[in-house]
$ cat upload.cif   # mmCIF, C-alpha atoms and all ligand atoms
data_query
#
loop_
_atom_site.label_atom_id
_atom_site.label_comp_id
_atom_site.auth_asym_id
_atom_site.auth_seq_id
_atom_site.Cartn_x
_atom_site.Cartn_y
_atom_site.Cartn_z
CA MET A 211 -30.16 -6.54 7.79
CA ILE A 212 -26.81 -7.96 8.80
CA LEU A 213 -24.77 -4.92 7.72
CA LYS A 214 -25.86 -1.32 7.53
CA ILE A 215 -23.70 1.49 6.20
CA ASP A 216 -25.29 4.65 7.50
CA ASN A 217 -24.36 7.93 5.81
CA VAL A 218 -20.63 7.21 5.78
CA THR A 219 -18.11 9.80 4.60
CA LYS A 220 -14.35 9.26 4.50
CA LYS A 221 -12.01 12.14 3.83
CA PHE A 222 -8.30 11.97 3.13
CA GLY A 223 -7.07 15.52 3.58
CA GLY A 224 -9.36 17.53 1.33
CA VAL A 225 -10.47 14.57 -0.77
CA SER A 226 -13.64 12.64 0.07
CA ALA A 227 -13.09 9.04 -1.01
CA ILE A 228 -16.60 8.15 0.24
CA LYS A 229 -19.41 10.70 0.28
CA GLU A 230 -22.49 10.21 2.49
CA THR A 231 -22.97 6.63 1.38
CA SER A 232 -25.68 4.39 2.80
CA PHE A 233 -26.61 0.82 1.97
CA SER A 234 -27.75 -2.35 3.69
CA VAL A 235 -26.86 -5.97 3.13
CA ALA A 236 -29.38 -8.70 3.96
CA PRO A 237 -28.32 -11.98 5.59
CA LYS A 238 -27.04 -14.54 3.03
CA GLU A 239 -27.01 -11.96 0.26
CA ILE A 240 -24.13 -11.75 -2.22
CA PHE A 241 -23.77 -8.01 -2.59
CA GLY A 242 -21.46 -6.44 -5.19
CA LEU A 243 -19.63 -3.18 -4.68
CA ILE A 244 -18.67 -1.96 -8.11
CA GLY A 245 -17.47 1.23 -9.80
CA PRO A 246 -14.51 2.57 -11.77
CA ASN A 247 -10.97 2.85 -10.39
CA GLY A 248 -10.75 5.21 -7.44
CA ALA A 249 -14.51 5.09 -6.78
CA GLY A 250 -13.95 4.31 -3.10
CA LYS A 251 -14.65 0.57 -2.99
CA THR A 252 -11.52 -0.53 -1.13
CA THR A 253 -11.89 2.46 1.20
CA MET A 254 -15.36 1.17 2.07
CA PHE A 255 -13.90 -2.27 2.86
CA ASN A 256 -11.25 -0.66 5.03
CA ILE A 257 -13.93 1.22 6.95
CA ILE A 258 -16.00 -1.94 7.52
CA THR A 259 -12.96 -3.89 8.75
CA GLY A 260 -11.81 -1.11 11.09
CA ASN A 261 -8.64 -0.30 9.14
CA TYR A 262 -10.03 3.21 8.65
CA GLU A 263 -12.33 5.25 10.88
CA PRO A 264 -15.14 6.94 8.97
CA SER A 265 -14.94 10.77 9.06
CA SER A 266 -18.67 10.67 9.77
CA GLY A 267 -21.48 8.14 9.68
CA GLU A 268 -21.72 4.68 11.13
CA VAL A 269 -21.13 1.02 10.29
CA ILE A 270 -23.67 -1.24 11.98
CA PHE A 271 -23.18 -5.00 12.03
CA ARG A 272 -25.97 -7.12 13.52
CA ASN A 273 -27.49 -4.02 15.15
CA GLU A 274 -24.20 -3.03 16.80
CA SER A 275 -22.03 -0.07 15.85
CA LEU A 276 -18.50 -1.03 14.79
CA ASN A 277 -17.19 2.54 15.01
CA GLY A 278 -13.96 2.76 16.99
CA LEU A 279 -13.35 -1.02 17.07
CA LYS A 280 -9.89 -2.26 16.10
CA PRO A 281 -9.64 -4.68 13.14
CA HIS A 282 -8.88 -7.79 15.26
CA LEU A 283 -12.03 -7.18 17.33
CA ILE A 284 -14.08 -6.77 14.17
CA VAL A 285 -12.77 -10.15 12.95
CA ARG A 286 -14.01 -11.66 16.20
CA LYS A 287 -17.42 -10.10 15.64
CA GLY A 288 -17.63 -12.24 12.49
CA ILE A 289 -16.25 -10.19 9.59
CA ALA A 290 -13.37 -11.54 7.48
CA ARG A 291 -11.78 -10.28 4.29
CA THR A 292 -9.41 -10.99 1.46
CA PHE A 293 -7.22 -8.36 -0.17
CA GLN A 294 -6.92 -6.96 -3.68
CA ASN A 295 -3.19 -7.72 -3.59
CA ILE A 296 -2.85 -11.25 -2.26
CA ARG A 297 -1.40 -11.20 1.24
CA LEU A 298 -0.24 -14.73 1.89
CA PHE A 299 3.01 -15.55 3.67
CA SER A 300 4.78 -16.70 0.56
CA SER A 301 7.42 -18.96 2.12
CA MET A 302 4.94 -20.64 4.47
CA SER A 303 2.91 -23.70 3.55
CA VAL A 304 -0.67 -23.45 2.36
CA LEU A 305 -1.82 -25.16 5.57
CA ASP A 306 0.11 -22.77 7.83
CA ASN A 307 -1.32 -19.79 5.97
CA VAL A 308 -4.82 -21.04 6.74
CA LEU A 309 -3.94 -21.90 10.36
CA ILE A 310 -3.07 -18.24 10.89
CA GLY A 311 -6.72 -17.48 10.24
CA PHE A 312 -7.70 -19.40 13.34
CA ASP A 313 -6.09 -16.75 15.50
CA PHE A 314 -4.54 -18.99 18.16
CA GLN A 315 -3.56 -16.05 20.30
CA ALA A 316 -7.16 -14.97 20.57
CA ARG A 317 -8.08 -18.26 22.20
CA TYR A 318 -4.94 -19.04 24.18
CA GLY A 319 -2.28 -16.61 25.32
CA PHE A 320 1.23 -18.01 25.70
CA LEU A 321 0.97 -18.70 29.44
CA GLU A 322 -2.51 -20.08 29.12
CA SER A 323 -1.40 -22.44 26.38
CA ILE A 324 1.29 -23.89 28.72
CA LEU A 325 -1.04 -24.17 31.69
CA ARG A 326 -3.70 -25.88 29.64
CA PHE A 327 -1.37 -27.92 27.50
CA PRO A 328 -3.59 -31.00 27.01
CA ARG A 329 -6.57 -28.90 26.08
CA PHE A 330 -4.39 -26.80 23.83
CA MET A 331 -3.15 -29.92 22.00
CA GLY A 332 -6.72 -31.09 21.50
CA GLU A 333 -7.66 -27.70 20.18
CA GLU A 334 -4.66 -27.66 17.83
CA LYS A 335 -5.67 -31.02 16.37
CA ARG A 336 -9.23 -29.88 15.90
CA ILE A 337 -8.12 -26.64 14.25
CA LYS A 338 -5.77 -28.48 11.87
CA ALA A 339 -8.55 -30.85 10.85
CA ARG A 340 -10.88 -27.93 10.20
CA ALA A 341 -8.19 -26.13 8.14
CA MET A 342 -7.73 -29.26 6.03
CA GLU A 343 -11.47 -29.53 5.60
CA ILE A 344 -11.77 -25.93 4.36
CA LEU A 345 -8.81 -26.38 2.00
CA ASP A 346 -10.35 -29.58 0.64
CA TYR A 347 -13.59 -27.70 0.05
CA PHE A 348 -11.68 -25.28 -2.17
CA GLY A 349 -9.99 -28.12 -4.04
CA MET A 350 -6.66 -27.34 -2.41
CA GLY A 351 -6.33 -30.54 -0.36
CA GLU A 352 -3.38 -31.86 -2.37
CA PHE A 353 -1.43 -28.60 -2.02
CA VAL A 354 -1.52 -28.17 1.77
CA HIS A 355 2.23 -28.70 2.17
CA GLU A 356 3.27 -26.59 -0.85
CA LYS A 357 4.67 -23.14 -0.23
CA ALA A 358 2.14 -20.45 -1.03
CA VAL A 359 4.59 -18.85 -3.47
CA ASP A 360 4.64 -22.01 -5.61
CA LEU A 361 0.90 -21.89 -6.31
CA SER A 362 -0.79 -20.31 -9.30
CA TYR A 363 -2.48 -16.97 -8.85
CA GLY A 364 -5.95 -18.52 -8.86
CA GLN A 365 -4.91 -21.10 -6.26
CA GLN A 366 -3.45 -18.37 -4.02
CA ARG A 367 -6.74 -16.52 -4.17
CA LYS A 368 -8.56 -19.65 -3.02
CA VAL A 369 -6.12 -20.05 -0.10
CA GLU A 370 -6.83 -16.45 0.89
CA ILE A 371 -10.55 -17.18 0.94
CA ALA A 372 -9.91 -20.37 2.94
CA ARG A 373 -7.89 -18.35 5.47
CA ALA A 374 -10.70 -15.81 5.79
CA LEU A 375 -13.21 -18.65 6.34
CA ALA A 376 -10.99 -20.09 9.07
CA THR A 377 -12.03 -17.17 11.28
CA ASN A 378 -15.59 -18.52 11.01
CA PRO A 379 -17.14 -15.31 9.68
CA ASP A 380 -20.77 -14.45 9.11
CA LEU A 381 -19.79 -11.73 6.65
CA LEU A 382 -17.05 -12.31 4.09
CA LEU A 383 -15.54 -9.38 2.19
CA LEU A 384 -13.82 -10.31 -1.07
CA ASP A 385 -11.72 -7.65 -2.81
CA GLU A 386 -11.50 -8.59 -6.49
CA PRO A 387 -11.41 -12.36 -5.93
CA ALA A 388 -11.26 -13.14 -9.66
CA ALA A 389 -8.47 -10.69 -10.54
CA GLY A 390 -5.81 -12.46 -12.59
CA MET A 391 -7.97 -15.51 -13.24
CA ASN A 392 -8.89 -16.78 -16.69
CA PRO A 393 -12.60 -16.97 -17.69
CA SER A 394 -13.07 -20.62 -16.74
CA GLU A 395 -11.32 -20.18 -13.37
CA THR A 396 -13.50 -17.10 -12.78
CA GLU A 397 -16.70 -18.98 -13.51
CA GLU A 398 -15.63 -21.87 -11.30
CA LEU A 399 -14.84 -19.42 -8.47
CA GLY A 400 -18.26 -17.81 -8.82
CA GLU A 401 -19.98 -21.19 -8.41
CA LEU A 402 -17.74 -22.01 -5.44
CA ILE A 403 -18.58 -18.73 -3.68
CA LYS A 404 -22.29 -19.33 -4.24
CA LYS A 405 -21.97 -22.84 -2.83
CA ALA A 406 -19.88 -21.60 0.12
CA ARG A 407 -22.57 -19.07 0.97
CA VAL A 408 -24.88 -22.01 1.73
CA ASP A 409 -22.35 -24.43 3.22
CA PHE A 410 -20.63 -21.83 5.44
CA ASP A 411 -23.77 -19.81 6.16
CA LEU A 412 -22.29 -16.62 4.74
CA THR A 413 -23.23 -13.14 3.68
CA VAL A 414 -20.79 -11.92 1.02
CA LEU A 415 -19.74 -8.41 0.04
CA VAL A 416 -17.61 -8.46 -3.09
CA ILE A 417 -15.65 -5.82 -5.00
CA GLU A 418 -15.29 -6.82 -8.63
CA HIS A 419 -14.62 -5.27 -12.02
CA ASP A 420 -15.59 -8.17 -14.23
CA MET A 421 -19.29 -7.50 -14.92
CA LYS A 422 -19.90 -10.97 -16.32
CA PHE A 423 -18.69 -12.39 -13.01
CA VAL A 424 -20.78 -9.85 -11.06
CA ASN A 425 -23.85 -10.84 -13.05
CA GLN A 426 -23.25 -14.53 -12.39
CA LEU A 427 -22.57 -14.03 -8.69
CA CYS A 428 -24.37 -11.07 -7.14
CA ASP A 429 -27.97 -10.75 -5.99
CA LYS A 430 -27.60 -7.00 -5.79
CA VAL A 431 -25.00 -4.33 -6.57
CA LEU A 432 -24.15 -0.83 -5.43
CA VAL A 433 -22.29 1.28 -7.97
CA LEU A 434 -19.98 3.96 -6.62
CA ASP A 435 -18.45 6.76 -8.65
CA TYR A 436 -16.11 9.27 -7.01
CA GLY A 437 -17.37 8.12 -3.61
CA LYS A 438 -21.06 8.62 -4.41
CA THR A 439 -23.75 6.01 -5.02
CA ILE A 440 -25.02 6.19 -8.58
CA PHE A 441 -26.99 2.94 -8.70
CA GLU A 442 -28.36 0.27 -6.39
CA GLY A 443 -30.24 -2.74 -7.67
CA LYS A 444 -29.91 -5.89 -9.76
CA PRO A 445 -26.64 -6.37 -11.69
CA ALA A 446 -28.52 -6.92 -14.96
CA ASP A 447 -30.13 -3.50 -14.55
CA ALA A 448 -26.86 -1.80 -13.56
CA ILE A 449 -25.30 -2.45 -16.95
CA LEU A 450 -28.26 -0.81 -18.67
CA ASN A 451 -28.24 2.29 -16.46
CA PRO A 452 -27.06 5.42 -18.34
CA GLU A 453 -25.27 6.91 -15.33
CA VAL A 454 -23.40 3.66 -14.74
CA ILE A 455 -22.49 3.41 -18.42
CA ALA A 456 -21.24 7.00 -18.39
CA ALA A 457 -19.13 6.35 -15.26
CA TYR A 458 -17.40 3.47 -16.98
CA LEU A 459 -17.33 5.27 -20.34
CA GLY A 460 -19.17 2.24 -21.68
CA ASP A 461 -16.32 -0.10 -20.90
CA PHE A 462 -17.03 -2.66 -18.22
CA HIS A 463 -13.68 -4.33 -18.67
CA ASN A 464 -11.49 -1.28 -18.24
CA ASP A 465 -9.19 -2.96 -15.74
N1 LIG B 501 -4.87 6.06 2.58
C1 LIG B 501 -5.24 6.96 1.66
N2 LIG B 501 -4.75 8.22 1.66
C2 LIG B 501 -5.15 9.13 0.75
N3 LIG B 501 -6.03 8.87 -0.23
C3 LIG B 501 -6.54 7.64 -0.31
C4 LIG B 501 -6.19 6.61 0.64
N4 LIG B 501 -6.87 5.49 0.31
C5 LIG B 501 -7.62 5.79 -0.78
N5 LIG B 501 -7.42 7.09 -1.14
C6 LIG B 501 -8.07 7.78 -2.25
O1 LIG B 501 -9.46 7.55 -2.15
C7 LIG B 501 -10.02 7.36 -3.44
C8 LIG B 501 -10.73 6.03 -3.50
O2 LIG B 501 -9.76 4.97 -3.49
P1 LIG B 501 -10.12 3.44 -3.37
O3 LIG B 501 -8.84 2.67 -3.34
O4 LIG B 501 -11.07 3.23 -2.27
O5 LIG B 501 -10.86 3.20 -4.75
P2 LIG B 501 -11.31 1.83 -5.42
O6 LIG B 501 -12.70 2.04 -5.88
O7 LIG B 501 -11.05 0.70 -4.50
O8 LIG B 501 -10.37 1.76 -6.68
P3 LIG B 501 -9.65 0.49 -7.42
O9 LIG B 501 -10.71 -0.14 -8.23
O10 LIG B 501 -8.60 1.14 -8.24
O11 LIG B 501 -9.10 -0.37 -6.35
C9 LIG B 501 -8.89 7.50 -4.45
O12 LIG B 501 -8.89 8.81 -4.93
C10 LIG B 501 -7.67 7.22 -3.61
O13 LIG B 501 -6.55 7.89 -4.12
#
$ encode --input "upload.cif" --output "structure tokens" --more "lines below"
Ligand SMILES: Nc1ncnc2c1ncn2[C@@H]1O[C@H](COP(=O)(O)OP(=O)(O)OP(=O)(O)O)[C@@H](O)[C@H]1O
Amino acid sequence: MILKIDNVTKKFGGVSAIKETSFSVAPKEIFGLIGPNGAGKTTMFNIITGNYEPSSGEVIFRNESLNGLKPHLIVRKGIARTFQNIRLFSSMSVLDNVLIGFDFQARYGFLESILRFPRFMGEEKRIKARAMEILDYFGMGEFVHEKAVDLSYGQQRKVEIARALATNPDLLLLDEPAAGMNPSETEELGELIKKARVDFDLTVLVIEHDMKFVNQLCDKVLVLDYGKTIFEGKPADAILNPEVIAAYLGDFHND
């Protein structure tokens, strides 16, 4: 298993957003985290990425506990994410937004970058080429010099994924990647994520509300409701499960 969530609880004041939840994600799996609004999905992402500390329980990534690690260190361990609300720098170019993902500072501090100027320049060139390559992969090659704000919603989501991939992750967390996309864009994105899993050697954990998309994309799903697991298994079986149906009140497109 590449990721193991071991009996994790997260409390905010008196409210438990996550209650004693456990699950494991296998290498190269596309694993869906689903459930109605407020079920605790984004909280789970925030725990995995170190934005929140679990109240109890443990997150284990490649046999190593992530508890207590700051988010930037977790990125360096090989976990990257996108956000439910797109977080691009709107007035910066598409290319610069992706370059941020490469985390220059992590490799070269300011002084180091002056002392090793030639090497730094070589590295910068290499990083730029890789950023262009990733953007091309997502069909964004012709937009690299556009400002992020001038792109469509669907294009911005692809740039966010490209930026996450720039950190060279083993595990990619996608928070509602298809939100705001039309059905054909959604289907295209699903195929692209499946292809990227192979080409970028990725394990993917995805939060999504669109069950058609989940069905197309995910090998396995975990359904949360009020912070508790109510189903784990194949997406096609989830939509037939009475407890899952009750949690959604029979409406899988309630968002
Ligand atoms: N920082 C916080 N402080 C207090 N309560 C929070 C915080 N973050 C989340 N919660 C609460 O935890 C619960 C789970 O929220 P969370 O955002 O994880 O749900 P979700 O499944 O991602 O929902 P959605 O589909 O609407 O994004 C909610 O009741 C929410 O109000």
$ residues_around --input "upload.cif" --residues "stretch 306-312 of chain A" --least-positions-apart "4" --cutoff "9 Å" --atoms "all atoms listed in the file" --output "PyMOL selection string"
chain A and resi 298-300+302+316-317+337-338+341-342+344-345+354-355+358+369-370+372-378
$ closest_residue --input "upload.cif" --among "A:Ile403, A:Ile371, A:Ile296, A:Val433" --to "ligand LIG 501 (chain B)" --atoms "all atoms listed in the file"
A:Val433
$ closest_atom_pairs --input "upload.cif" --of "stretch 350-451 of chain A" --to "stretch 236-251 of chain A" --cutoff "12 Å" --atoms "all atoms listed in the file" --output "Markdown table"
| residue | atom | partner | partner_atom | distance |
| --- | --- | --- | --- | --- |
| A:Pro379 | CA | A:Lys238 | CA | 12.0 |
| A:Asp380 | CA | A:Pro237 | CA | 8.7 |
| A:Leu381 | CA | A:Lys238 | CA | 8.6 |
| A:Leu382 | CA | A:Ile240 | CA | 9.5 |
| A:Leu383 | CA | A:Phe241 | CA | 9.6 |
| A:Leu384 | CA | A:Gly242 | CA | 9.5 |
| A:Asp385 | CA | A:Lys251 | CA | 8.7 |
| A:Glu386 | CA | A:Ile244 | CA | 9.9 |
| A:Pro387 | CA | A:Gly242 | CA | 11.7 |
| A:Gly400 | CA | A:Ile240 | CA | 10.7 |
| A:Ile403 | CA | A:Ile240 | CA | 9.0 |
| A:Lys404 | CA | A:Ile240 | CA | 8.1 |
| A:Lys405 | CA | A:Ile240 | CA | 11.3 |
| A:Ala406 | CA | A:Lys238 | CA | 10.5 |
| A:Arg407 | CA | A:Lys238 | CA | 6.7 |
| A:Val408 | CA | A:Lys238 | CA | 7.9 |
| A:Asp409 | CA | A:Lys238 | CA | 10.9 |
| A:Phe410 | CA | A:Lys238 | CA | 10.0 |
| A:Asp411 | CA | A:Lys238 | CA | 6.9 |
| A:Leu412 | CA | A:Lys238 | CA | 5.5 |
| A:Thr413 | CA | A:Lys238 | CA | 4.1 |
| A:Val414 | CA | A:Ile240 | CA | 4.7 |
| A:Leu415 | CA | A:Phe241 | CA | 4.8 |
| A:Val416 | CA | A:Gly242 | CA | 4.8 |
| A:Ile417 | CA | A:Leu243 | CA | 4.8 |
| A:Glu418 | CA | A:Ile244 | CA | 5.9 |
| A:His419 | CA | A:Ile244 | CA | 6.5 |
| A:Asp420 | CA | A:Ile244 | CA | 9.2 |
| A:Met421 | CA | A:Ile244 | CA | 8.8 |
| A:Phe423 | CA | A:Gly242 | CA | 10.2 |
| A:Val424 | CA | A:Gly242 | CA | 6.8 |
| A:Asn425 | CA | A:Gly242 | CA | 9.3 |
| A:Gln426 | CA | A:Ile240 | CA | 10.6 |
| A:Leu427 | CA | A:Ile240 | CA | 7.0 |
| A:Cys428 | CA | A:Ile240 | CA | 5.0 |
| A:Asp429 | CA | A:Ile240 | CA | 5.5 |
| A:Lys430 | CA | A:Phe241 | CA | 5.1 |
| A:Val431 | CA | A:Gly242 | CA | 4.3 |
| A:Leu432 | CA | A:Leu243 | CA | 5.1 |
| A:Val433 | CA | A:Ile244 | CA | 4.9 |
| A:Leu434 | CA | A:Gly245 | CA | 4.9 |
| A:Asp435 | CA | A:Ala249 | CA | 4.7 |
| A:Tyr436 | CA | A:Ala249 | CA | 4.5 |
| A:Gly437 | CA | A:Gly250 | CA | 5.1 |
| A:Lys438 | CA | A:Ala249 | CA | 7.8 |
| A:Thr439 | CA | A:Gly245 | CA | 9.2 |
| A:Ile440 | CA | A:Gly245 | CA | 9.1 |
| A:Phe441 | CA | A:Ile244 | CA | 9.7 |
| A:Glu442 | CA | A:Leu243 | CA | 9.5 |
| A:Gly443 | CA | A:Phe241 | CA | 9.8 |
| A:Lys444 | CA | A:Gly242 | CA | 9.6 |
| A:Pro445 | CA | A:Gly242 | CA | 8.3 |
| A:Ala448 | CA | A:Ile244 | CA | 9.8 |
| A:Ile449 | CA | A:Ile244 | CA | 11.1 |
$ write_last_selection --input "upload.cif" --atoms "C-alpha atoms" --output "CSV table (one decimal), keeping the file's coordinate frame"
chain,number,residue,atom,x,y,z
A,379,PRO,CA,-17.1,-15.3,9.7
A,380,ASP,CA,-20.8,-14.4,9.1
A,381,LEU,CA,-19.8,-11.7,6.6
A,382,LEU,CA,-17.0,-12.3,4.1
A,383,LEU,CA,-15.5,-9.4,2.2
A,384,LEU,CA,-13.8,-10.3,-1.1
A,385,ASP,CA,-11.7,-7.6,-2.8
A,386,GLU,CA,-11.5,-8.6,-6.5
A,387,PRO,CA,-11.4,-12.4,-5.9
A,400,GLY,CA,-18.3,-17.8,-8.8
A,403,ILE,CA,-18.6,-18.7,-3.7
A,404,LYS,CA,-22.3,-19.3,-4.2
A,405,LYS,CA,-22.0,-22.8,-2.8
A,406,ALA,CA,-19.9,-21.6,0.1
A,407,ARG,CA,-22.6,-19.1,1.0
A,408,VAL,CA,-24.9,-22.0,1.7
A,409,ASP,CA,-22.4,-24.4,3.2
A,410,PHE,CA,-20.6,-21.8,5.4
A,411,ASP,CA,-23.8,-19.8,6.2
A,412,LEU,CA,-22.3,-16.6,4.7
A,413,THR,CA,-23.2,-13.1,3.7
A,414,VAL,CA,-20.8,-11.9,1.0
A,415,LEU,CA,-19.7,-8.4,0.0
A,416,VAL,CA,-17.6,-8.5,-3.1
A,417,ILE,CA,-15.6,-5.8,-5.0
A,418,GLU,CA,-15.3,-6.8,-8.6
A,419,HIS,CA,-14.6,-5.3,-12.0
A,420,ASP,CA,-15.6,-8.2,-14.2
A,421,MET,CA,-19.3,-7.5,-14.9
A,423,PHE,CA,-18.7,-12.4,-13.0
A,424,VAL,CA,-20.8,-9.8,-11.1
A,425,ASN,CA,-23.8,-10.8,-13.0
A,426,GLN,CA,-23.2,-14.5,-12.4
A,427,LEU,CA,-22.6,-14.0,-8.7
A,428,CYS,CA,-24.4,-11.1,-7.1
A,429,ASP,CA,-28.0,-10.8,-6.0
A,430,LYS,CA,-27.6,-7.0,-5.8
A,431,VAL,CA,-25.0,-4.3,-6.6
A,432,LEU,CA,-24.2,-0.8,-5.4
A,433,VAL,CA,-22.3,1.3,-8.0
A,434,LEU,CA,-20.0,4.0,-6.6
A,435,ASP,CA,-18.4,6.8,-8.6
A,436,TYR,CA,-16.1,9.3,-7.0
A,437,GLY,CA,-17.4,8.1,-3.6
A,438,LYS,CA,-21.1,8.6,-4.4
A,439,THR,CA,-23.8,6.0,-5.0
A,440,ILE,CA,-25.0,6.2,-8.6
A,441,PHE,CA,-27.0,2.9,-8.7
A,442,GLU,CA,-28.4,0.3,-6.4
A,443,GLY,CA,-30.2,-2.7,-7.7
A,444,LYS,CA,-29.9,-5.9,-9.8
A,445,PRO,CA,-26.6,-6.4,-11.7
A,448,ALA,CA,-26.9,-1.8,-13.6
A,449,ILE,CA,-25.3,-2.4,-17.0
$ closest_residue --input "upload.cif" --among "A:Glu453, A:Ile212, A:Arg291, A:Arg286" --to "A:Arg272" --atoms "all atoms listed in the file"
A:Ile212
$ atom_distance --input "upload.cif" --atom1 "atom CA of A:Gly349" --atom2 "atom CA of A:Val285"
24.9 Å
$ atom_distance --input "upload.cif" --atom1 "atom CA of A:Arg340" --atom2 "atom CA of A:Asp360"
22.9 Å
$ atom_distance --input "upload.cif" --atom1 "atom CA of A:Phe255" --atom2 "atom C8 of ligand LIG 501 (chain B)"
10.9 Å
$ closest_residue --input "upload.cif" --among "A:Ser275, A:Thr396, A:Ser266, A:Asn295" --to "ligand LIG 501 (chain B)" --atoms "all atoms listed in the file"
A:Asn295
$ closest_residue --input "upload.cif" --among "A:Leu450, A:Asn392, A:Leu402, A:Gly332" --to "A:Phe348" --atoms "all atoms listed in the file"
A:Leu402
$ closest_residue --input "upload.cif" --among "A:Phe353, A:Ala389, A:Arg336, A:Asn451" --to "ligand LIG 501 (chain B)" --atoms "all atoms listed in the file"
A:Ala389
$ closest_residue --input "upload.cif" --among "A:Phe233, A:Tyr347, A:Phe271, A:Phe293" --to "ligand LIG 501 (chain B)" --atoms "only C-alpha atoms and all ligand atoms"
A:Phe293
$ residues_around --input "upload.cif" --residues "A:Gly364" --least-positions-apart "4" --cutoff "8 Å" --atoms "all atoms listed in the file" --output "PyMOL selection string"
chain A and resi 368+388+390-391+395
